[in-house]
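File shown: run-v7.cif (mmCIF, C-alpha atoms and all ligand atoms).
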```cif
data_my_file
#
loop_
_atom_site.label_atom_id
_atom_site.label_comp_id
_atom_site.auth_asym_id
_atom_site.auth_seq_id
_atom_site.Cartn_x
_atom_site.Cartn_y
_atom_site.Cartn_z
CA MET A 1 0.00 0.00 0.00
CA ARG A 2 0.92 3.67 -0.28
CA VAL A 3 -0.30 5.34 2.90
CA VAL A 4 -0.50 9.03 3.78
CA VAL A 5 0.04 9.61 7.51
CA THR A 6 -0.92 13.11 8.67
CA GLY A 7 0.83 13.95 11.93
CA GLY A 8 3.36 11.30 10.91
CA ALA A 9 6.24 12.95 12.78
CA GLY A 10 4.32 12.97 16.06
CA PHE A 11 4.58 10.50 18.90
CA ILE A 12 2.04 7.94 17.62
CA GLY A 13 2.34 8.91 13.95
CA SER A 14 6.08 8.19 13.81
CA HIS A 15 5.57 4.70 15.26
CA LEU A 16 2.88 4.08 12.66
CA CYS A 17 5.16 5.26 9.81
CA GLU A 18 7.89 2.95 11.07
CA ARG A 19 5.55 -0.06 11.28
CA LEU A 20 4.21 0.53 7.75
CA ILE A 21 7.70 0.93 6.27
CA THR A 22 8.84 -2.23 8.08
CA ARG A 23 6.06 -4.28 6.52
CA GLY A 24 6.92 -2.99 3.04
CA ASP A 25 4.42 -0.17 2.47
CA GLU A 26 5.21 3.25 1.03
CA VAL A 27 4.56 6.14 3.41
CA VAL A 28 3.95 9.83 2.80
CA CYS A 29 4.32 11.58 6.15
CA VAL A 30 2.71 15.04 6.37
CA ASP A 31 3.53 17.15 9.43
CA ASP A 32 4.02 20.83 10.26
CA PHE A 33 6.25 19.96 13.25
CA SER A 34 4.16 22.07 15.62
CA SER A 35 4.04 19.23 18.13
CA GLY A 36 5.76 16.49 16.11
CA ARG A 37 9.51 16.39 15.54
CA LYS A 38 11.63 15.61 12.50
CA GLU A 39 13.97 13.50 14.64
CA ASN A 40 11.06 11.07 15.27
CA VAL A 41 11.28 9.98 11.63
CA ALA A 42 15.01 10.56 11.14
CA ASP A 43 15.68 6.82 10.75
CA LEU A 44 13.12 6.59 7.94
CA LEU A 45 14.45 9.45 5.82
CA ASP A 46 16.92 7.22 3.97
CA SER A 47 14.22 4.79 2.85
CA PRO A 48 13.16 5.22 -0.79
CA ARG A 49 9.65 4.24 0.35
CA PHE A 50 9.39 7.17 2.78
CA GLU A 51 8.53 10.74 1.85
CA LEU A 52 8.25 13.70 4.23
CA ILE A 53 6.11 16.75 3.45
CA ALA A 54 6.29 19.74 5.82
CA GLU A 55 2.80 21.15 5.73
CA ASP A 56 -0.08 22.22 7.96
CA VAL A 57 -2.95 19.98 6.87
CA ALA A 58 -5.46 22.63 7.95
CA GLU A 59 -4.13 24.70 5.01
CA ARG A 60 -3.54 22.06 2.34
CA ILE A 61 -2.29 18.52 1.72
CA SER A 62 -0.17 18.42 -1.42
CA VAL A 63 0.48 14.71 -1.89
CA SER A 64 1.18 13.80 -5.49
CA GLY A 65 0.46 10.47 -7.14
CA PRO A 66 -1.97 7.74 -6.21
CA PHE A 67 -2.29 6.26 -2.74
CA ASP A 68 -4.48 3.71 -0.97
CA ALA A 69 -5.18 5.08 2.50
CA ILE A 70 -4.91 8.11 4.78
CA ALA A 71 -4.34 7.78 8.51
CA HIS A 72 -5.36 11.19 9.86
CA LEU A 73 -3.49 11.74 13.11
CA ALA A 74 -2.52 15.41 12.80
CA SER A 75 -3.54 17.33 15.93
CA PRO A 76 -2.05 18.60 19.15
CA ALA A 77 -3.04 15.86 21.61
CA SER A 78 -1.62 16.50 25.08
CA PRO A 79 -3.85 18.78 27.18
CA PRO A 80 -1.16 21.47 27.70
CA ASP A 81 -0.46 21.42 23.92
CA TYR A 82 -4.05 21.93 22.84
CA LEU A 83 -4.77 24.44 25.61
CA LYS A 84 -1.81 26.49 24.36
CA ARG A 85 -3.04 26.37 20.74
CA PRO A 86 -6.83 26.28 20.92
CA LEU A 87 -7.52 27.79 17.48
CA ASP A 88 -4.98 25.59 15.70
CA THR A 89 -6.51 22.55 17.41
CA LEU A 90 -9.97 23.48 16.16
CA ALA A 91 -8.61 24.20 12.67
CA VAL A 92 -6.67 20.98 12.19
CA ASN A 93 -9.53 18.81 13.38
CA SER A 94 -12.19 20.63 11.33
CA ARG A 95 -10.57 22.07 8.17
CA GLY A 96 -7.71 19.58 8.34
CA THR A 97 -10.08 16.63 8.56
CA GLU A 98 -12.16 18.00 5.67
CA ASN A 99 -9.01 18.45 3.55
CA ALA A 100 -7.98 14.87 4.27
CA LEU A 101 -11.46 13.52 3.53
CA ARG A 102 -11.64 15.42 0.21
CA LEU A 103 -8.29 13.96 -0.76
CA ALA A 104 -9.37 10.42 0.21
CA HIS A 105 -12.53 10.90 -1.85
CA ALA A 106 -10.61 12.14 -4.90
CA HIS A 107 -8.26 9.13 -4.76
CA GLY A 108 -10.82 6.48 -3.80
CA ALA A 109 -8.67 5.84 -0.72
CA ARG A 110 -9.50 4.45 2.71
CA PHE A 111 -9.64 7.16 5.42
CA VAL A 112 -8.99 6.41 9.09
CA LEU A 113 -9.58 9.12 11.70
CA ALA A 114 -7.62 9.05 14.94
CA SER A 115 -10.37 10.18 17.28
CA THR A 116 -10.14 10.02 21.04
CA SER A 117 -11.65 8.88 24.30
CA GLU A 118 -12.10 12.63 24.94
CA VAL A 119 -15.31 12.42 22.88
CA TYR A 120 -16.77 10.73 25.98
CA GLY A 121 -15.83 13.79 28.08
CA ASP A 122 -16.21 13.18 31.82
CA PRO A 123 -18.14 9.94 31.30
CA LEU A 124 -21.25 9.04 33.25
CA VAL A 125 -21.15 5.48 31.88
CA HIS A 126 -18.30 3.19 32.86
CA PRO A 127 -16.48 1.53 31.14
CA GLN A 128 -17.02 3.43 27.92
CA HIS A 129 -18.62 1.48 25.09
CA GLU A 130 -18.79 3.00 21.61
CA SER A 131 -22.58 3.32 21.97
CA TYR A 132 -22.16 5.92 24.76
CA TRP A 133 -22.61 9.50 23.48
CA GLY A 134 -20.51 11.17 26.12
CA ASN A 135 -20.68 14.02 28.61
CA VAL A 136 -18.73 16.94 27.18
CA ASN A 137 -18.67 20.59 28.28
CA PRO A 138 -19.00 22.34 24.90
CA ILE A 139 -17.50 25.64 26.09
CA GLY A 140 -14.90 24.52 28.65
CA PRO A 141 -11.16 24.83 28.01
CA ARG A 142 -10.92 21.21 26.80
CA SER A 143 -13.76 21.72 24.31
CA VAL A 144 -11.29 22.90 21.67
CA TYR A 145 -10.08 19.31 21.50
CA ASP A 146 -13.16 17.34 22.55
CA GLU A 147 -15.66 19.14 20.35
CA ALA A 148 -13.20 19.39 17.46
CA LYS A 149 -12.77 15.61 17.53
CA ARG A 150 -16.55 15.16 17.78
CA TYR A 151 -16.90 17.37 14.69
CA ALA A 152 -14.15 15.34 12.98
CA GLU A 153 -16.16 12.17 13.65
CA ALA A 154 -19.36 13.83 12.36
CA VAL A 155 -17.77 15.04 9.13
CA THR A 156 -16.13 11.66 8.60
CA PHE A 157 -19.48 9.90 8.85
CA ALA A 158 -21.07 12.54 6.59
CA TYR A 159 -18.47 11.88 3.86
CA ARG A 160 -19.15 8.16 4.21
CA ARG A 161 -22.94 8.54 3.97
CA THR A 162 -23.02 11.29 1.36
CA LEU A 163 -20.06 10.51 -0.89
CA GLY A 164 -19.40 6.85 -0.12
CA VAL A 165 -15.86 7.39 1.17
CA ASN A 166 -14.45 4.26 2.84
CA THR A 167 -13.98 5.71 6.31
CA GLY A 168 -13.08 4.33 9.73
CA VAL A 169 -13.13 6.08 13.11
CA MET A 170 -10.96 4.86 15.96
CA ARG A 171 -11.25 6.24 19.49
CA ILE A 172 -7.83 6.18 21.07
CA PHE A 173 -7.49 6.04 24.86
CA ASN A 174 -4.42 7.30 26.78
CA THR A 175 -1.33 6.03 24.99
CA TYR A 176 2.30 6.32 26.08
CA GLY A 177 5.74 5.17 25.01
CA PRO A 178 9.07 6.27 23.57
CA ARG A 179 9.02 9.52 21.54
CA MET A 180 6.56 11.28 23.81
CA ARG A 181 8.01 14.72 24.38
CA ALA A 182 9.52 15.10 27.84
CA ASP A 183 7.75 18.44 28.19
CA ASP A 184 4.35 17.52 26.74
CA GLY A 185 2.75 17.57 30.20
CA ARG A 186 0.92 14.25 30.05
CA VAL A 187 0.90 12.28 33.23
CA VAL A 188 3.13 9.37 32.12
CA SER A 189 5.86 11.51 30.58
CA SER A 190 5.74 14.00 33.47
CA PHE A 191 6.05 11.34 36.20
CA LEU A 192 8.85 9.49 34.40
CA VAL A 193 10.80 12.69 33.77
CA GLN A 194 10.30 13.88 37.35
CA ALA A 195 11.41 10.48 38.72
CA LEU A 196 14.56 10.51 36.58
CA CYS A 197 15.47 13.96 37.92
CA GLY A 198 14.67 13.17 41.55
CA GLU A 199 11.86 15.74 41.52
CA PRO A 200 8.51 15.33 43.31
CA LEU A 201 5.78 13.74 41.19
CA THR A 202 3.05 16.31 40.49
CA VAL A 203 -0.34 14.73 41.16
CA TYR A 204 -3.35 16.84 40.14
CA GLY A 205 -6.37 16.69 42.44
CA ASP A 206 -6.44 13.85 44.97
CA GLY A 207 -5.02 11.40 42.42
CA LEU A 208 -8.13 9.20 42.60
CA GLN A 209 -9.15 9.96 39.01
CA THR A 210 -8.52 6.96 36.76
CA ARG A 211 -7.04 6.38 33.33
CA SER A 212 -6.24 3.25 31.31
CA PHE A 213 -2.81 3.40 29.71
CA CYS A 214 -1.96 1.68 26.43
CA TYR A 215 1.60 1.09 25.22
CA VAL A 216 2.18 2.62 21.79
CA ASP A 217 3.15 -0.65 20.01
CA ASP A 218 -0.22 -2.16 20.94
CA LEU A 219 -2.07 0.88 19.65
CA VAL A 220 -0.16 0.87 16.34
CA THR A 221 -1.19 -2.77 15.79
CA GLY A 222 -4.78 -1.54 16.15
CA ILE A 223 -4.31 1.36 13.72
CA VAL A 224 -2.87 -0.97 11.09
CA ALA A 225 -5.79 -3.40 11.55
CA MET A 226 -8.20 -0.50 11.08
CA LEU A 227 -6.34 0.72 7.95
CA ASP A 228 -6.40 -2.76 6.43
CA SER A 229 -10.15 -3.22 7.02
CA ASP A 230 -13.33 -1.58 5.75
CA GLU A 231 -14.77 -1.13 9.26
CA CYS A 232 -16.49 2.22 9.80
CA GLY A 233 -16.33 2.18 13.61
CA PRO A 234 -16.22 3.98 15.86
CA VAL A 235 -13.98 1.40 17.54
CA ASN A 236 -12.28 1.95 20.92
CA PHE A 237 -8.57 1.18 21.15
CA GLY A 238 -6.94 1.25 24.55
CA ASN A 239 -5.71 -0.94 27.36
CA PRO A 240 -8.62 -1.71 29.70
CA ALA A 241 -6.33 -2.05 32.75
CA GLU A 242 -7.59 0.94 34.73
CA ARG A 243 -5.64 2.60 37.54
CA THR A 244 -5.72 5.78 39.53
CA VAL A 245 -3.20 8.55 38.93
CA ALA A 246 -1.96 7.95 42.49
CA ASP A 247 -1.33 4.26 41.60
CA LEU A 248 0.62 5.36 38.57
CA ALA A 249 2.77 7.60 40.77
CA HIS A 250 3.52 4.59 43.01
CA LEU A 251 4.39 2.42 40.02
CA VAL A 252 6.77 5.02 38.61
CA ALA A 253 8.40 5.51 42.01
CA GLU A 254 8.83 1.73 42.37
CA LEU A 255 10.32 1.45 38.91
CA SER A 256 12.88 4.14 39.66
CA GLY A 257 13.89 2.30 42.84
CA THR A 258 14.01 5.43 45.02
CA ALA A 259 11.51 7.11 47.31
CA HIS A 260 9.65 9.95 45.63
CA GLU A 261 7.72 12.76 47.13
CA VAL A 262 4.30 13.42 45.70
CA GLU A 263 3.24 17.04 45.34
CA PHE A 264 -0.49 17.75 45.06
CA HIS A 265 -1.74 20.44 42.67
CA PRO A 266 -5.27 21.60 41.81
CA LEU A 267 -7.29 19.43 39.46
CA PRO A 268 -7.64 21.10 36.04
CA GLN A 269 -11.13 22.14 34.98
CA ASP A 270 -13.24 19.37 33.37
CA ASP A 271 -10.54 16.76 34.04
CA PRO A 272 -12.40 13.43 33.53
CA MET A 273 -12.76 11.45 36.77
CA GLN A 274 -12.69 8.00 35.19
CA ARG A 275 -11.81 6.44 31.90
CA ARG A 276 -11.67 2.82 30.77
CA PRO A 277 -12.35 1.50 27.28
CA ASP A 278 -14.74 -1.31 26.58
CA ILE A 279 -12.71 -3.03 23.85
CA SER A 280 -15.10 -5.88 23.06
CA GLN A 281 -15.60 -4.50 19.51
CA ALA A 282 -11.87 -4.33 18.74
CA ARG A 283 -11.52 -7.87 20.07
CA GLU A 284 -14.40 -9.19 17.96
CA LEU A 285 -13.58 -7.33 14.76
CA PHE A 286 -9.81 -7.64 14.75
CA GLY A 287 -8.86 -10.10 17.49
CA TRP A 288 -7.01 -7.08 18.91
CA ASP A 289 -5.89 -7.12 22.53
CA PRO A 290 -3.04 -5.19 24.15
CA VAL A 291 -0.06 -7.38 25.05
CA PHE A 292 2.21 -4.96 26.94
CA ASP A 293 1.59 -4.60 30.65
CA ILE A 294 2.22 -1.24 32.30
CA GLU A 295 5.44 -2.29 34.07
CA GLU A 296 7.09 -3.29 30.78
CA GLY A 297 5.74 -0.25 28.97
CA LEU A 298 6.91 2.16 31.67
CA ARG A 299 10.34 0.50 31.77
CA ARG A 300 10.81 0.95 28.01
CA THR A 301 9.56 4.53 28.09
CA SER A 302 11.74 5.41 31.06
CA GLU A 303 14.81 3.98 29.29
CA TRP A 304 14.02 6.14 26.32
CA PHE A 305 13.83 9.29 28.45
CA ALA A 306 16.98 8.28 30.32
CA SER A 307 18.86 8.27 27.02
CA ARG A 308 17.94 11.97 26.53
CA PRO A 309 19.22 13.74 29.64
CA GLY A 310 19.38 17.17 27.97
CA GLU A 311 15.73 17.14 26.92
CA VAL A 312 14.61 15.69 30.24
CA GLY A 313 16.58 18.25 32.26
CA ALA A 314 15.14 21.12 30.23
CA ALA A 315 11.59 19.79 30.60
CA VAL A 316 11.55 19.19 34.32
CA ALA A 317 11.66 22.81 35.43
CA GLY A 318 8.70 23.67 33.18
CA LEU A 319 6.69 20.75 34.53
CA ARG A 320 6.96 22.02 38.10
CA GLY A 321 4.70 25.00 37.82
CA GLY A 322 4.43 25.94 34.19
CA GLN A 323 1.78 23.47 33.10
CA LEU A 324 -0.55 24.45 35.91
CA GLY A 325 -0.80 27.94 34.54
CA GLU A 326 -2.11 26.38 31.33
CA ARG A 327 -4.46 23.75 32.62
CA GLY A 328 -4.88 24.25 36.36
CA GLU A 329 -6.91 26.71 38.35
CA ARG A 330 -9.14 28.32 35.76
CA PRO A 331 -11.68 30.94 36.75
CA PRO A 332 -15.28 29.75 37.00
CA ILE A 333 -17.31 30.56 33.87
CA ALA A 334 -19.02 33.60 35.42
CA ASP A 335 -15.66 35.13 36.31
CA ALA A 336 -14.25 34.34 32.90
CA GLN A 337 -17.18 36.10 31.24
CA THR A 338 -16.78 39.10 33.50
CA ALA A 339 -13.09 39.21 32.69
CA GLU A 340 -13.84 39.03 28.96
CA ALA A 341 -16.46 41.75 29.20
CA ALA A 342 -14.00 43.95 31.08
N1 LIG A 401 -2.04 14.54 35.73
C1 LIG A 401 -1.37 14.59 36.96
N2 LIG A 401 -0.11 15.11 36.97
C2 LIG A 401 0.53 15.54 35.86
C3 LIG A 401 -0.15 15.49 34.60
C4 LIG A 401 -1.44 14.98 34.60
O1 LIG A 401 -1.88 14.18 38.00
O2 LIG A 401 1.68 16.00 35.97
C5 LIG A 401 -3.39 13.95 35.71
C6 LIG A 401 -4.43 14.75 34.93
O3 LIG A 401 -5.03 15.73 35.75
C7 LIG A 401 -5.39 13.66 34.50
C8 LIG A 401 -4.49 12.43 34.32
O4 LIG A 401 -3.30 12.71 35.04
O5 LIG A 401 -6.31 13.38 35.52
C9 LIG A 401 -4.14 12.16 32.86
O6 LIG A 401 -3.68 13.34 32.30
P1 LIG A 401 -3.03 13.43 30.84
O7 LIG A 401 -2.69 14.86 30.59
O8 LIG A 401 -1.95 12.44 30.69
O9 LIG A 401 -4.19 12.97 29.84
P2 LIG A 401 -5.78 13.18 29.78
O10 LIG A 401 -6.33 11.82 30.00
O11 LIG A 401 -6.23 14.12 30.85
O12 LIG A 401 -6.03 13.70 28.41
#
```
Using structure tokens, write down the structure that the file contains.
Ligand code: UDP
Amino acid sequence: MRVVVTGGAGFIGSHLCERLITRGDEVVCVDDFSSGRKENVADLLDSPRFELIAEDVAERISVSGPFDAIAHLASPASPPDYLKRPLDTLAVNSRGTENALRLAHAHGARFVLASTSEVYGDPLVHPQHESYWGNVNPIGPRSVYDEAKRYAEAVTFAYRRTLGVNTGVMRIFNTYGPRMRADDGRVVSSFLVQALCGEPLTVYGDGLQTRSFCYVDDLVTGIVAMLDSDECGPVNFGNPAERTVADLAHLVAELSGTAHEVEFHPLPQDDPMQRRPDISQARELFGWDPVFDIEEGLRRTSEWFASRPGEVGAAVAGLRGGQLGERGERPPIADAQTAEAA
């Protein structure tokens, strides 16, 4: 196959490009490097089957020649990233998704959207099955990501129904692994980086909120299965092993072999209290099941960060207080409106 991967130089996108090249496909990676990094695909640049296009897919996608599928991953994805760039996040998931769908339509190609568990918002149904419609604050700070992805799903289904495009929607739950940015502010990267530097682990809220963490190799197996199929989805992909953020802090501390202080910070607005995928559909449709347990996944990810002391050292200071300014203590809506009016 010849596959276009938007966001192909990002954390997940670069692993997908690598997997596709390894199995013999041709890959066109499109990325504007706003949150992705060229070094993520540096090892692929020598391959004659790999092409890199530096472009913001919200503006245009100038792939030439025929291709078989688009995996549309381009978007800021860590909460601090999308809270810093709210308008870009809305643009890439709305205009960017439409550009990618138009291109898939013109080429008769398969289109797979990387959607997210964020479409479930702060879920009132647990675990989350694809049939659940979610509980999303449409005007909260996270809405720039949540609602943009919900629009991306809507427009994907509209292209399928109206124009017959072969589309698939996958809902990706928290994923971690090598090539996450040390400073991206997600909980796994932050804890691992803090542990490596002997810094306190920053737990938001009381740490009793839950997440279910999937190792990136498992997720990529799911993306490839979705690309190779004609399934429309939505299909959840994630590791159903659920744990609290406090548990994760203990695990990371154990892995590092030293005692670690935990520092409590305010819970960001609209931070979901629980999240666990029901993956019965992915199991039935693709026989897909995660194989990496969290200990092995964290060990591999920690080794990767340990091999980048410069990046880790630079990130750790920012993680201490900086992220909280972006995602922590936000004024209640009434105050925010007053502030805007003023
Ligand atoms: N979190 C935390 N400390 C951190 C970063 C995040 O306790 O340094 C919490 C965050 O409030 C959320 C969970 O960890 O409850 C997962 O956050 P992340 O940003 O990784 O992803 P999310 O699932 O919120 O998109």
Counting all atoms listed in the file, give me one row per residue of chain A with an atom at most 6 Å from an atom of ligand LIG 401 (chain A), showing the shortest contact pair and its distance in Å to one decimal, sorted by chain then residue number, as a tab-separated table.
```
residue	atom	partner	partner_atom	distance
A:Ser78	CA	A:LIG401	O7	5.8
A:Pro79	CA	A:LIG401	O7	5.3
A:Asn174	CA	A:LIG401	O10	5.9
A:Gly185	CA	A:LIG401	C3	5.7
A:Arg186	CA	A:LIG401	O8	3.5
A:Val187	CA	A:LIG401	C3	3.6
A:Ser190	CA	A:LIG401	O2	5.2
A:Thr202	CA	A:LIG401	O2	4.7
A:Val203	CA	A:LIG401	O1	3.6
A:Tyr204	CA	A:LIG401	O1	3.7
A:Gln209	CA	A:LIG401	O5	5.7
A:Val245	CA	A:LIG401	O4	5.7
A:Leu267	CA	A:LIG401	O3	5.7
A:Pro268	CA	A:LIG401	O3	6.0
A:Asp271	CA	A:LIG401	O5	5.6
```
Return as JSON the box centre and box size in Å, one decimal, for an axis-aligned box around all listed atoms of range 118-134 of chain A padded by 6 Å per side.
```
{"center_x": -17.4, "center_y": 7.6, "center_z": 27.4, "size_x": 22.5, "size_y": 24.3, "size_z": 23.6}
```
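Of note, CA of Gln281 in chain A and CA of Pro123 in chain A are spaced 18.8 Å apart.
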Item to check | Close residues, Gly313 in chain A itself excluded, 10 Å, all atoms listed in the file, min 3 positions apart in chain, as a ChimeraX atom specification | outcome: /A:182-183,193-194,196-197,308-310,316-318
Next on the checklist: Calculated over all atoms listed in the file, which of the candidates A:Leu52, A:Leu192, A:Ala148, A:Ile279 has the smallest distance to Ser256 in chain A?
Outcome noted: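 That would be A:Leu192, the residue with the smallest distance to Ser256 in chain A.
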Per residue of range 176-209 of chain A within 10 Å of range 14-25 of chain A, which atom pair is closest and at what distance in Å (one decimal), using only C-alpha atoms, listed by chain and increasing number, as JSON lines?
```
{"residue": "A:Gly177", "atom": "CA", "partner": "A:His15", "partner_atom": "CA", "distance": 9.8}
{"residue": "A:Pro178", "atom": "CA", "partner": "A:His15", "partner_atom": "CA", "distance": 9.2}
{"residue": "A:Arg179", "atom": "CA", "partner": "A:Ser14", "partner_atom": "CA", "distance": 8.4}
```
Hey, which bits of range 29-134 of chain A sit within 12 Å of range 211-222 of chain A, and for each residue what's the closest pair of atoms and how far apart in Å (one decimal), counting all atoms listed in the file, rows by chain and increasing number, as a tab-separated table?
```
residue	atom	partner	partner_atom	distance
A:Ala71	CA	A:Val220	CA	11.2
A:Leu73	CA	A:Val220	CA	11.8
A:Val112	CA	A:Gly222	CA	11.4
A:Ala114	CA	A:Leu219	CA	10.9
A:Ser117	CA	A:Arg211	CA	10.4
A:Glu118	CA	A:Arg211	CA	11.6
A:Asp122	CA	A:Arg211	CA	11.5
A:Pro123	CA	A:Arg211	CA	11.8
A:His126	CA	A:Arg211	CA	11.7
A:Pro127	CA	A:Ser212	CA	10.4
A:Gln128	CA	A:Ser212	CA	11.3
```
Go ahead and dump the residues you just picked, C-alpha atoms, as a short mmCIF file (atom, residue, chain, number, x, y, z; two decimals), keeping the file's coordinate frame.
```cif
data_model
loop_
_atom_site.label_atom_id
_atom_site.label_comp_id
_atom_site.auth_asym_id
_atom_site.auth_seq_id
_atom_site.Cartn_x
_atom_site.Cartn_y
_atom_site.Cartn_z
CA ALA A 71 -4.34 7.78 8.51
CA LEU A 73 -3.49 11.74 13.11
CA VAL A 112 -8.99 6.41 9.09
CA ALA A 114 -7.62 9.05 14.94
CA SER A 117 -11.65 8.88 24.30
CA GLU A 118 -12.10 12.63 24.94
CA ASP A 122 -16.21 13.18 31.82
CA PRO A 123 -18.14 9.94 31.30
CA HIS A 126 -18.30 3.19 32.86
CA PRO A 127 -16.48 1.53 31.14
CA GLN A 128 -17.02 3.43 27.92
#
```
Checklist entry - Distance CA of Gly205 in chain A-CA of Ser35 in chain A, one decimal place? => result 26.6 Å
Checklist entry - Which of these, A:Glu26, A:Tyr120, A:Leu163, A:Met180, has the shortest distance to Glu39 in chain A once you count only C-alpha atoms? => result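 Of A:Glu26, A:Tyr120, A:Leu163, A:Met180, the one nearest Glu39 in chain A, counting only C-alpha atoms, is A:Met180.
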Since the input is missing atoms for range 213-229 of chain A, could you rebuild it with N, CA, C and O atoms and give the result as a CSV table (one decimal), in the coordinates of the input?
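Once everything was written out, this is result.csv:
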```
chain,number,residue,atom,x,y,z
A,213,PHE,N,-4.0,3.0,30.5
A,213,PHE,CA,-2.8,3.4,29.7
A,213,PHE,C,-2.4,2.3,28.8
A,213,PHE,O,-2.1,1.2,29.2
A,214,CYS,N,-2.3,2.6,27.5
A,214,CYS,CA,-2.0,1.7,26.4
A,214,CYS,C,-0.6,2.0,25.9
A,214,CYS,O,-0.2,3.1,25.6
A,215,TYR,N,0.3,0.9,25.8
A,215,TYR,CA,1.6,1.1,25.2
A,215,TYR,C,1.5,1.3,23.7
A,215,TYR,O,0.7,0.6,23.0
A,216,VAL,N,2.3,2.2,23.2
A,216,VAL,CA,2.2,2.6,21.8
A,216,VAL,C,2.2,1.5,20.8
A,216,VAL,O,1.5,1.5,19.8
A,217,ASP,N,3.1,0.4,21.0
A,217,ASP,CA,3.2,-0.6,20.0
A,217,ASP,C,1.8,-1.4,19.9
A,217,ASP,O,1.4,-1.8,18.8
A,218,ASP,N,1.1,-1.5,21.0
A,218,ASP,CA,-0.2,-2.2,20.9
A,218,ASP,C,-1.2,-1.3,20.1
A,218,ASP,O,-1.9,-1.8,19.3
A,219,LEU,N,-1.1,0.0,20.4
A,219,LEU,CA,-2.1,0.9,19.6
A,219,LEU,C,-1.8,0.8,18.1
A,219,LEU,O,-2.7,0.7,17.3
A,220,VAL,N,-0.5,0.8,17.8
A,220,VAL,CA,-0.2,0.9,16.3
A,220,VAL,C,-0.7,-0.4,15.7
A,220,VAL,O,-1.1,-0.4,14.5
A,221,THR,N,-0.6,-1.5,16.3
A,221,THR,CA,-1.2,-2.8,15.8
A,221,THR,C,-2.7,-2.6,15.5
A,221,THR,O,-3.2,-3.0,14.4
A,222,GLY,N,-3.4,-1.8,16.4
A,222,GLY,CA,-4.8,-1.5,16.2
A,222,GLY,C,-5.0,-0.6,15.0
A,222,GLY,O,-5.9,-0.8,14.2
A,223,ILE,N,-4.1,0.4,14.8
A,223,ILE,CA,-4.3,1.4,13.7
A,223,ILE,C,-4.1,0.6,12.4
A,223,ILE,O,-4.9,0.8,11.4
A,224,VAL,N,-3.1,-0.2,12.3
A,224,VAL,CA,-2.9,-1.0,11.1
A,224,VAL,C,-4.1,-1.9,10.8
A,224,VAL,O,-4.5,-2.0,9.6
A,225,ALA,N,-4.6,-2.5,11.8
A,225,ALA,CA,-5.8,-3.4,11.6
A,225,ALA,C,-7.0,-2.6,11.0
A,225,ALA,O,-7.7,-3.0,10.1
A,226,MET,N,-7.1,-1.4,11.5
A,226,MET,CA,-8.2,-0.5,11.1
A,226,MET,C,-7.9,0.0,9.6
A,226,MET,O,-8.9,0.0,8.8
A,227,LEU,N,-6.7,0.3,9.3
A,227,LEU,CA,-6.3,0.7,8.0
A,227,LEU,C,-6.6,-0.4,6.9
A,227,LEU,O,-7.1,-0.1,5.8
A,228,ASP,N,-6.3,-1.6,7.3
A,228,ASP,CA,-6.4,-2.8,6.4
A,228,ASP,C,-7.8,-3.2,6.3
A,228,ASP,O,-8.1,-4.1,5.4
A,229,SER,N,-8.8,-2.7,7.1
A,229,SER,CA,-10.2,-3.2,7.0
A,229,SER,C,-11.1,-2.2,6.3
A,229,SER,O,-10.6,-1.1,5.9
```
